[in-house]
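Colleague: I'm passing along entry-v5.cif; it holds mmCIF, C-alpha atoms.
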```cif
data_entry
loop_
_atom_site.label_atom_id
_atom_site.label_comp_id
_atom_site.auth_asym_id
_atom_site.auth_seq_id
_atom_site.Cartn_x
_atom_site.Cartn_y
_atom_site.Cartn_z
CA MET A 179 -107.56 -111.18 126.15
CA GLU A 180 -107.91 -111.82 129.85
CA MET A 181 -110.22 -109.55 131.80
CA VAL A 182 -109.36 -108.99 135.43
CA THR A 183 -112.08 -107.07 137.16
CA HIS A 184 -111.15 -107.27 140.81
CA ARG A 185 -107.63 -106.68 142.00
CA ILE A 186 -106.35 -106.14 145.55
CA LYS A 187 -103.02 -105.38 147.14
CA ILE A 188 -102.04 -107.37 150.21
CA ARG A 189 -99.58 -105.93 152.71
CA ALA A 190 -98.14 -108.22 155.36
CA PHE A 191 -96.40 -107.26 158.59
CA GLY A 192 -94.37 -108.79 161.39
CA MET A 193 -94.33 -112.57 161.60
CA ILE A 194 -97.02 -112.86 158.92
CA ALA A 195 -94.67 -111.22 156.40
CA GLU A 196 -91.98 -113.70 157.45
CA LYS A 197 -94.29 -116.66 156.81
CA LEU A 198 -95.38 -115.25 153.45
CA GLY A 199 -91.79 -114.49 152.52
CA ALA A 200 -92.96 -111.09 151.25
CA ASP A 201 -94.31 -107.72 152.41
CA CYS A 202 -96.62 -107.34 149.43
CA LEU A 203 -98.79 -109.56 147.25
CA ASP A 204 -101.11 -108.66 144.38
CA LEU A 205 -104.19 -110.88 144.18
CA ASP A 206 -107.09 -111.13 141.75
CA SER A 207 -110.67 -112.13 142.36
CA ILE A 208 -110.73 -112.16 146.16
CA PRO A 209 -114.14 -110.63 146.94
CA THR A 210 -114.30 -111.07 150.73
CA THR A 211 -112.08 -111.46 153.79
CA GLU A 212 -113.32 -115.04 154.24
CA VAL A 213 -112.22 -115.97 150.72
CA LEU A 214 -108.91 -114.25 151.43
CA ARG A 215 -108.32 -116.25 154.62
CA GLY A 216 -109.20 -119.46 152.76
CA TYR A 217 -106.76 -118.64 149.98
CA LEU A 218 -103.98 -117.74 152.44
CA TYR A 219 -104.48 -120.88 154.55
CA GLN A 220 -104.29 -122.98 151.41
CA GLN A 221 -101.15 -121.25 150.09
CA PHE A 222 -99.44 -120.80 153.47
CA PRO A 223 -100.74 -123.54 155.82
CA GLU A 224 -98.70 -122.17 158.75
CA LEU A 225 -100.95 -119.10 158.85
CA GLU A 226 -103.88 -121.16 160.04
CA LYS A 227 -102.24 -121.54 163.45
CA MET A 228 -101.42 -117.85 163.71
CA LYS A 229 -103.53 -115.03 165.02
CA PHE A 230 -103.88 -112.04 162.71
CA GLY A 231 -106.33 -109.24 162.03
CA ILE A 232 -107.28 -107.75 158.67
CA ALA A 233 -107.46 -104.06 157.78
CA ILE A 234 -109.14 -102.88 154.59
CA ASN A 235 -107.86 -99.50 153.43
CA LYS A 236 -106.27 -98.95 156.86
CA LYS A 237 -109.41 -99.76 158.87
CA LEU A 238 -109.49 -102.87 161.02
CA VAL A 239 -112.45 -105.09 160.14
CA SER A 240 -114.01 -108.07 161.88
CA GLY A 241 -116.13 -110.96 160.64
CA ASN A 242 -116.54 -111.57 156.93
CA GLN A 243 -116.37 -108.31 154.98
CA PRO A 244 -116.48 -107.48 151.27
CA ILE A 245 -113.18 -106.26 149.83
CA PRO A 246 -113.57 -103.38 147.36
CA ASN A 247 -111.71 -103.39 144.06
CA GLU A 248 -108.19 -101.89 144.30
CA ALA A 249 -108.29 -102.12 148.10
CA GLU A 250 -105.17 -102.25 150.23
CA VAL A 251 -105.65 -105.20 152.56
CA ALA A 252 -103.25 -105.56 155.48
CA LEU A 253 -102.54 -108.71 157.48
CA LEU A 254 -101.78 -107.63 161.04
CA PRO A 255 -100.35 -109.96 163.67
CA PRO A 256 -100.87 -109.01 167.36
CA PHE A 257 -99.48 -105.53 168.00
CA SER A 258 -96.40 -105.10 170.17
CA GLY A 259 -95.51 -101.44 170.15
CA GLY A 260 -94.29 -99.50 173.17
CA MET B 297 -112.05 -70.90 169.05
CA GLU B 298 -111.80 -74.54 167.99
CA LYS B 299 -108.21 -75.56 167.42
CA HIS B 300 -107.57 -77.32 164.13
CA ARG B 301 -105.21 -80.26 164.38
CA LYS B 302 -103.61 -82.25 161.60
CA PRO B 303 -102.04 -85.74 161.78
CA LYS B 304 -98.45 -85.50 162.97
CA ASN B 305 -95.66 -87.95 162.42
CA ILE B 306 -95.03 -89.88 165.62
CA PHE B 307 -92.16 -92.01 164.35
CA VAL B 308 -88.51 -91.52 165.18
CA GLU B 309 -85.78 -93.59 163.53
CA GLY B 310 -83.87 -95.48 166.24
CA PRO B 311 -83.96 -94.66 169.98
CA ILE B 312 -85.50 -91.47 171.39
CA SER B 313 -82.63 -89.50 172.85
CA PRO B 314 -82.73 -87.97 176.36
CA GLU B 315 -81.75 -84.69 174.65
CA LYS B 316 -84.92 -84.77 172.56
CA ILE B 317 -86.97 -85.32 175.72
CA ALA B 318 -85.19 -82.47 177.55
CA LYS B 319 -85.73 -80.16 174.58
CA SER B 320 -89.39 -81.08 174.43
CA ILE B 321 -89.80 -80.15 178.11
CA ALA B 322 -87.91 -76.88 177.58
CA ASN B 323 -90.18 -76.00 174.64
CA HIS B 324 -93.09 -75.67 177.06
CA SER B 325 -91.57 -72.97 179.27
CA SER B 326 -93.33 -70.25 177.28
CA LYS B 327 -96.74 -71.87 177.84
CA THR B 328 -97.38 -70.39 181.25
CA ASP B 329 -100.97 -71.63 181.56
CA ILE B 330 -99.56 -75.15 182.10
CA GLY B 331 -99.40 -76.27 185.72
CA GLY B 332 -98.46 -79.93 185.28
CA HIS B 333 -96.76 -82.27 182.86
CA SER B 334 -96.99 -86.03 182.78
CA ILE B 335 -94.38 -88.07 180.93
CA PHE B 336 -94.20 -91.76 180.15
CA LEU B 337 -90.99 -93.25 178.80
CA GLY B 338 -90.90 -96.80 177.51
CA GLN B 339 -87.47 -98.41 177.81
CA VAL B 340 -86.29 -101.63 176.18
CA ARG B 341 -85.85 -104.27 178.89
CA ALA B 342 -83.23 -107.01 178.87
CA ASP B 343 -85.69 -109.88 179.34
CA GLU B 344 -84.37 -113.39 179.73
CA LYS B 345 -85.61 -115.54 176.86
CA GLU B 346 -85.07 -119.11 175.89
CA GLY B 347 -81.54 -119.07 174.54
CA GLY B 348 -80.36 -115.77 175.98
CA THR B 349 -80.95 -112.19 176.97
CA VAL B 350 -82.74 -109.58 174.89
CA GLN B 351 -80.20 -107.18 173.37
CA ALA B 352 -82.49 -104.94 171.35
CA ILE B 353 -85.93 -104.63 169.82
CA VAL B 354 -86.41 -103.90 166.13
CA TYR B 355 -89.66 -102.01 165.53
CA THR B 356 -91.67 -102.00 162.33
CA ALA B 357 -95.08 -100.44 161.70
CA TYR B 358 -97.88 -100.10 159.22
CA GLU B 359 -97.05 -96.43 159.24
CA ASP B 360 -100.00 -94.95 157.34
CA MET B 361 -102.53 -96.79 159.47
CA ALA B 362 -100.62 -96.09 162.70
CA LEU B 363 -100.57 -92.35 161.98
CA GLU B 364 -104.30 -92.32 161.19
CA LYS B 365 -105.05 -94.27 164.35
CA ALA B 366 -102.74 -92.11 166.47
CA PHE B 367 -104.58 -89.05 165.18
CA GLU B 368 -107.93 -90.60 166.08
CA ILE B 369 -106.67 -91.45 169.60
CA ARG B 370 -105.20 -87.96 169.99
CA GLU B 371 -108.53 -86.33 169.09
CA ALA B 372 -110.44 -88.60 171.50
CA ILE B 373 -108.07 -87.83 174.37
CA PHE B 374 -108.19 -84.07 173.71
CA GLU B 375 -111.97 -84.38 173.75
CA LYS B 376 -111.98 -86.27 177.05
CA TYR B 377 -109.41 -84.30 179.09
CA PRO B 378 -108.71 -80.56 179.40
CA LEU B 379 -105.18 -80.73 178.00
CA THR B 380 -102.95 -77.93 176.82
CA CYS B 381 -100.48 -80.15 174.95
CA MET B 382 -99.94 -83.72 173.86
CA HIS B 383 -96.92 -85.33 172.22
CA ILE B 384 -96.38 -88.93 171.14
CA TYR B 385 -93.13 -90.38 169.77
CA HIS B 386 -92.42 -94.02 168.95
CA SER B 387 -89.23 -95.56 167.63
CA LEU B 388 -88.82 -97.49 164.41
CA GLY B 389 -85.83 -99.69 163.68
CA GLU B 390 -83.40 -100.91 166.29
CA VAL B 391 -83.53 -99.78 169.91
CA LYS B 392 -81.02 -101.37 172.31
CA THR B 393 -81.78 -102.39 175.89
CA GLY B 394 -81.75 -99.38 178.19
CA GLU B 395 -82.73 -97.02 175.38
CA ILE B 396 -86.08 -95.21 175.06
CA CYS B 397 -88.59 -96.44 172.47
CA LEU B 398 -91.77 -94.57 173.49
CA PHE B 399 -92.23 -91.01 174.72
CA VAL B 400 -95.70 -89.78 175.69
CA PHE B 401 -96.00 -86.25 177.06
CA THR B 402 -99.19 -84.53 178.23
CA SER B 403 -99.62 -81.09 179.81
CA SER B 404 -102.55 -79.42 181.50
CA LYS B 405 -103.48 -76.58 183.81
CA HIS B 406 -103.93 -78.98 186.74
CA ARG B 407 -102.06 -82.26 187.19
CA LYS B 408 -104.90 -84.80 187.18
CA ALA B 409 -105.87 -84.34 183.54
CA ALA B 410 -102.26 -84.69 182.40
CA ILE B 411 -101.67 -87.82 184.51
CA ASP B 412 -104.90 -89.58 183.51
CA ALA B 413 -104.57 -88.66 179.83
CA CYS B 414 -100.98 -89.86 179.72
CA GLU B 415 -101.90 -93.24 181.20
CA GLU B 416 -104.82 -93.72 178.83
CA LEU B 417 -102.69 -92.73 175.85
CA VAL B 418 -100.00 -95.28 176.69
CA GLU B 419 -102.60 -98.05 177.05
CA ARG B 420 -104.27 -97.16 173.75
CA ILE B 421 -100.96 -96.81 171.89
CA LYS B 422 -99.85 -100.28 172.97
CA LYS B 423 -103.22 -101.84 172.19
CA GLU B 424 -104.30 -100.06 169.01
CA LEU B 425 -101.31 -98.93 166.96
CA PRO B 426 -100.11 -101.39 164.29
CA ILE B 427 -96.51 -101.53 165.49
CA TRP B 428 -94.46 -104.69 165.97
CA GLY B 429 -91.37 -105.32 168.04
CA LYS B 430 -88.99 -108.16 167.32
CA GLU B 431 -86.67 -108.98 170.18
CA LEU B 432 -83.09 -109.78 169.27
CA VAL B 433 -81.65 -112.33 171.67
CA ASP B 434 -77.88 -112.65 172.13
CA ASN B 435 -77.50 -115.93 170.28
CA GLU B 436 -78.97 -114.15 167.24
CA LYS B 437 -82.39 -115.63 167.76
CA GLU B 438 -85.38 -113.44 167.05
CA VAL B 439 -88.65 -113.43 169.01
CA TRP B 440 -91.78 -111.46 168.04
CA LYS B 441 -93.29 -109.63 171.00
CA GLU B 442 -97.00 -109.58 171.76
CA ASN B 443 -98.74 -106.98 173.91
CA THR B 444 -101.18 -108.32 176.50
#
```
Before anything else, please render the file you have as structure tokens.

Modeller:
Amino acid sequence: MEMVTHRIKIRAFGMIAEKLGADCLDLDSIPTTEVLRGYLYQQFPELEKMKFGIAINKKLVSGNQPIPNEAEVALLPPFSGG
Amino acid sequence: MEKHRKPKNIFVEGPISPEKIAKSIANHSSKTDIGGHSIFLGQVRADEKEGGTVQAIVYTAYEDMALEKAFEIREAIFEKYPLTCMHIYHSLGEVKTGEICLFVFTSSKHRKAAIDACEELVERIKKELPIWGKELVDNEKEVWKENT
């Protein structure tokens, strides 16, 4: 039996969602935002050239941050409301 | 007495109609301590882009986060300026050129608070709310906007 201890939900928006080809992704064993960026750049090389912020449970974070289990992690390209 | 405020929905599906704006103004006639209103209306502009003219903007948002953030901004602005009222509406979905996509409305006893608060709100909304606009250009090209 496989044990998965750390699971997160990724939500993508704007042009990031277009590059991912999805609004949502479920990922296992991604403990920090740095690991997440590494994983995304490897899976979706185009993202490396794009600017995007990361929000953990709806709060924007900067630098390398731990990602709690069951967190909702959002990939946010530059805002353009208004 | 401290007023208790709860997060309000700011999103409107499609353009914000002039009727909604007129009604919102009319709703304040009973609040006779107000001496000045300030209103900002964002309108979709027909920018010239590579390959054509912008026809519309399609807005999407990370709604939960945007509402939390809008609430935080609202509280900060109420704290900073002596306002009587504050209203924020932003479109989601398609808004054609010439139509209204953002409506910010502040009211106060004296004009300066309403004017300054309205300006600061607009700046913070554009900078801090997770909302994205995709411009539709007439040859069916799509261009993601970016606020500066």

Colleague: Could you work out how far CA of Ala372 (chain B) lies from CA of Cys414 (chain B), giving the answer in Å with one decimal?

Modeller: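 Taking CA of Cys414 (chain B) as the start and CA of Ala372 (chain B) as the end point, the length is 12.6 Å.
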
Colleague: With 10 Å as the threshold, what does the neighbourhood of (-112.3, -100.4, 155.0) contain in terms of residues, counting only C-alpha atoms? Coordinates are those of the file; answer as a list in words.

Modeller: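 These residues have at least one counted atom within 10 Å: Ile232, Ala233, Ile234, Asn235, Lys236, Lys237, Leu238, Val239, Gln243, Pro244, Ile245, Pro246, Ala249, Glu250 and Val251 of chain A.
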
Colleague: Up to 9 Å from chain A, what residues of chain B turn up? Count only C-alpha atoms and give them as a PyMOL selection string.

Modeller: chain B and resi 338-340+355-358+360-362+364-365+386-387+397-399+418+421-430+440-444

Colleague: Can you spit out the residues from that selection as a tab-separated table (two decimals), in the frame of the given file, using C-alpha atoms?

Modeller:
```tsv
chain	number	residue	atom	x	y	z
B	338	GLY	CA	-90.90	-96.80	177.51
B	339	GLN	CA	-87.47	-98.41	177.81
B	340	VAL	CA	-86.29	-101.63	176.18
B	355	TYR	CA	-89.66	-102.01	165.53
B	356	THR	CA	-91.67	-102.00	162.33
B	357	ALA	CA	-95.08	-100.44	161.70
B	358	TYR	CA	-97.88	-100.10	159.22
B	360	ASP	CA	-100.00	-94.95	157.34
B	361	MET	CA	-102.53	-96.79	159.47
B	362	ALA	CA	-100.62	-96.09	162.70
B	364	GLU	CA	-104.30	-92.32	161.19
B	365	LYS	CA	-105.05	-94.27	164.35
B	386	HIS	CA	-92.42	-94.02	168.95
B	387	SER	CA	-89.23	-95.56	167.63
B	397	CYS	CA	-88.59	-96.44	172.47
B	398	LEU	CA	-91.77	-94.57	173.49
B	399	PHE	CA	-92.23	-91.01	174.72
B	418	VAL	CA	-100.00	-95.28	176.69
B	421	ILE	CA	-100.96	-96.81	171.89
B	422	LYS	CA	-99.85	-100.28	172.97
B	423	LYS	CA	-103.22	-101.84	172.19
B	424	GLU	CA	-104.30	-100.06	169.01
B	425	LEU	CA	-101.31	-98.93	166.96
B	426	PRO	CA	-100.11	-101.39	164.29
B	427	ILE	CA	-96.51	-101.53	165.49
B	428	TRP	CA	-94.46	-104.69	165.97
B	429	GLY	CA	-91.37	-105.32	168.04
B	430	LYS	CA	-88.99	-108.16	167.32
B	440	TRP	CA	-91.78	-111.46	168.04
B	441	LYS	CA	-93.29	-109.63	171.00
B	442	GLU	CA	-97.00	-109.58	171.76
B	443	ASN	CA	-98.74	-106.98	173.91
B	444	THR	CA	-101.18	-108.32	176.50
```

Colleague: What would the list of residues within 12 Å of (-101.1, -108.9, 144.7) (file frame) look like as a PDB file with C-alpha atoms, in the frame of the given file, if all atoms listed in the file are what count?

Modeller:
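As a result, point01.pdb now contains:
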```
ATOM      1  CA  HIS A 184    -111.150-107.270 140.810  1.00  0.00           C
ATOM      2  CA  ARG A 185    -107.630-106.680 142.000  1.00  0.00           C
ATOM      3  CA  ILE A 186    -106.350-106.140 145.550  1.00  0.00           C
ATOM      4  CA  LYS A 187    -103.020-105.380 147.140  1.00  0.00           C
ATOM      5  CA  ILE A 188    -102.040-107.370 150.210  1.00  0.00           C
ATOM      6  CA  ARG A 189     -99.580-105.930 152.710  1.00  0.00           C
ATOM      7  CA  ALA A 190     -98.140-108.220 155.360  1.00  0.00           C
ATOM      8  CA  ALA A 200     -92.960-111.090 151.250  1.00  0.00           C
ATOM      9  CA  ASP A 201     -94.310-107.720 152.410  1.00  0.00           C
ATOM     10  CA  CYS A 202     -96.620-107.340 149.430  1.00  0.00           C
ATOM     11  CA  LEU A 203     -98.790-109.560 147.250  1.00  0.00           C
ATOM     12  CA  ASP A 204    -101.110-108.660 144.380  1.00  0.00           C
ATOM     13  CA  LEU A 205    -104.190-110.880 144.180  1.00  0.00           C
ATOM     14  CA  ASP A 206    -107.090-111.130 141.750  1.00  0.00           C
ATOM     15  CA  SER A 207    -110.670-112.130 142.360  1.00  0.00           C
ATOM     16  CA  ILE A 208    -110.730-112.160 146.160  1.00  0.00           C
ATOM     17  CA  LEU A 214    -108.910-114.250 151.430  1.00  0.00           C
ATOM     18  CA  ASN A 247    -111.710-103.390 144.060  1.00  0.00           C
ATOM     19  CA  GLU A 248    -108.190-101.890 144.300  1.00  0.00           C
ATOM     20  CA  ALA A 249    -108.290-102.120 148.100  1.00  0.00           C
ATOM     21  CA  GLU A 250    -105.170-102.250 150.230  1.00  0.00           C
ATOM     22  CA  VAL A 251    -105.650-105.200 152.560  1.00  0.00           C
ATOM     23  CA  ALA A 252    -103.250-105.560 155.480  1.00  0.00           C
TER      24      ALA A 252
END
```

Colleague: Between CA of Ser325 (chain B) and CA of Ala410 (chain B), what is the distance in Å, rounded to a tenth?

Modeller: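 CA of Ala410 (chain B) lies at a distance of 16.2 Å from CA of Ser325 (chain B).
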
Colleague: Set the distance at 9 Å and use all atoms listed in the file: which residues neighbour region 304-318 of chain B once local chain neighbours fewer than 3 positions away are removed? I'd like the list as a CSV table (one decimal) with C-alpha atoms, keeping the file's coordinate frame.

Modeller:
```csv
chain,number,residue,atom,x,y,z
B,301,ARG,CA,-105.2,-80.3,164.4
B,321,ILE,CA,-89.8,-80.2,178.1
B,322,ALA,CA,-87.9,-76.9,177.6
B,323,ASN,CA,-90.2,-76.0,174.6
B,354,VAL,CA,-86.4,-103.9,166.1
B,355,TYR,CA,-89.7,-102.0,165.5
B,359,GLU,CA,-97.0,-96.4,159.2
B,362,ALA,CA,-100.6,-96.1,162.7
B,363,LEU,CA,-100.6,-92.4,162.0
B,366,ALA,CA,-102.7,-92.1,166.5
B,367,PHE,CA,-104.6,-89.0,165.2
B,383,HIS,CA,-96.9,-85.3,172.2
B,384,ILE,CA,-96.4,-88.9,171.1
B,385,TYR,CA,-93.1,-90.4,169.8
B,386,HIS,CA,-92.4,-94.0,169.0
B,387,SER,CA,-89.2,-95.6,167.6
B,388,LEU,CA,-88.8,-97.5,164.4
B,389,GLY,CA,-85.8,-99.7,163.7
B,390,GLU,CA,-83.4,-100.9,166.3
B,391,VAL,CA,-83.5,-99.8,169.9
B,392,LYS,CA,-81.0,-101.4,172.3
B,395,GLU,CA,-82.7,-97.0,175.4
B,396,ILE,CA,-86.1,-95.2,175.1
B,397,CYS,CA,-88.6,-96.4,172.5
B,398,LEU,CA,-91.8,-94.6,173.5
B,399,PHE,CA,-92.2,-91.0,174.7
```

Colleague: One decimal, Å: what's the distance from CA of Lys227 (chain A) over to CA of Ile353 (chain B), could you say?

Modeller: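 Distance reported for this atom pair: 24.3 Å.
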
Colleague: Between B:Ala409, B:Val350, B:Ile330, B:Val439, single out the one closest to Phe374 (chain B), counting only C-alpha atoms.

Modeller: B:Ala409

Colleague: From the options B:Leu379, B:Val400, B:Ile369, B:Ile335, which residue's atoms come nearest to Pro303 (chain B), counting all atoms listed in the file?

Modeller: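 Nearest to Pro303 (chain B): B:Ile369.
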
Colleague: Taking only C-alpha atoms into account, name the residue in B:Asn435, B:Thr393, B:Ser404, B:Gln351 that is nearest to Lys327 (chain B).

Modeller: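 So, comparing all the options, the nearest one is B:Ser404.
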
Colleague: Using all atoms listed in the file, can you tell me which of A:Gln221, A:Asn242, A:Thr183, A:Glu212 comes closest to Gly199 (chain A)?

Modeller: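 Looking at the shortest contact to Gly199 (chain A), the residue is A:Gln221.
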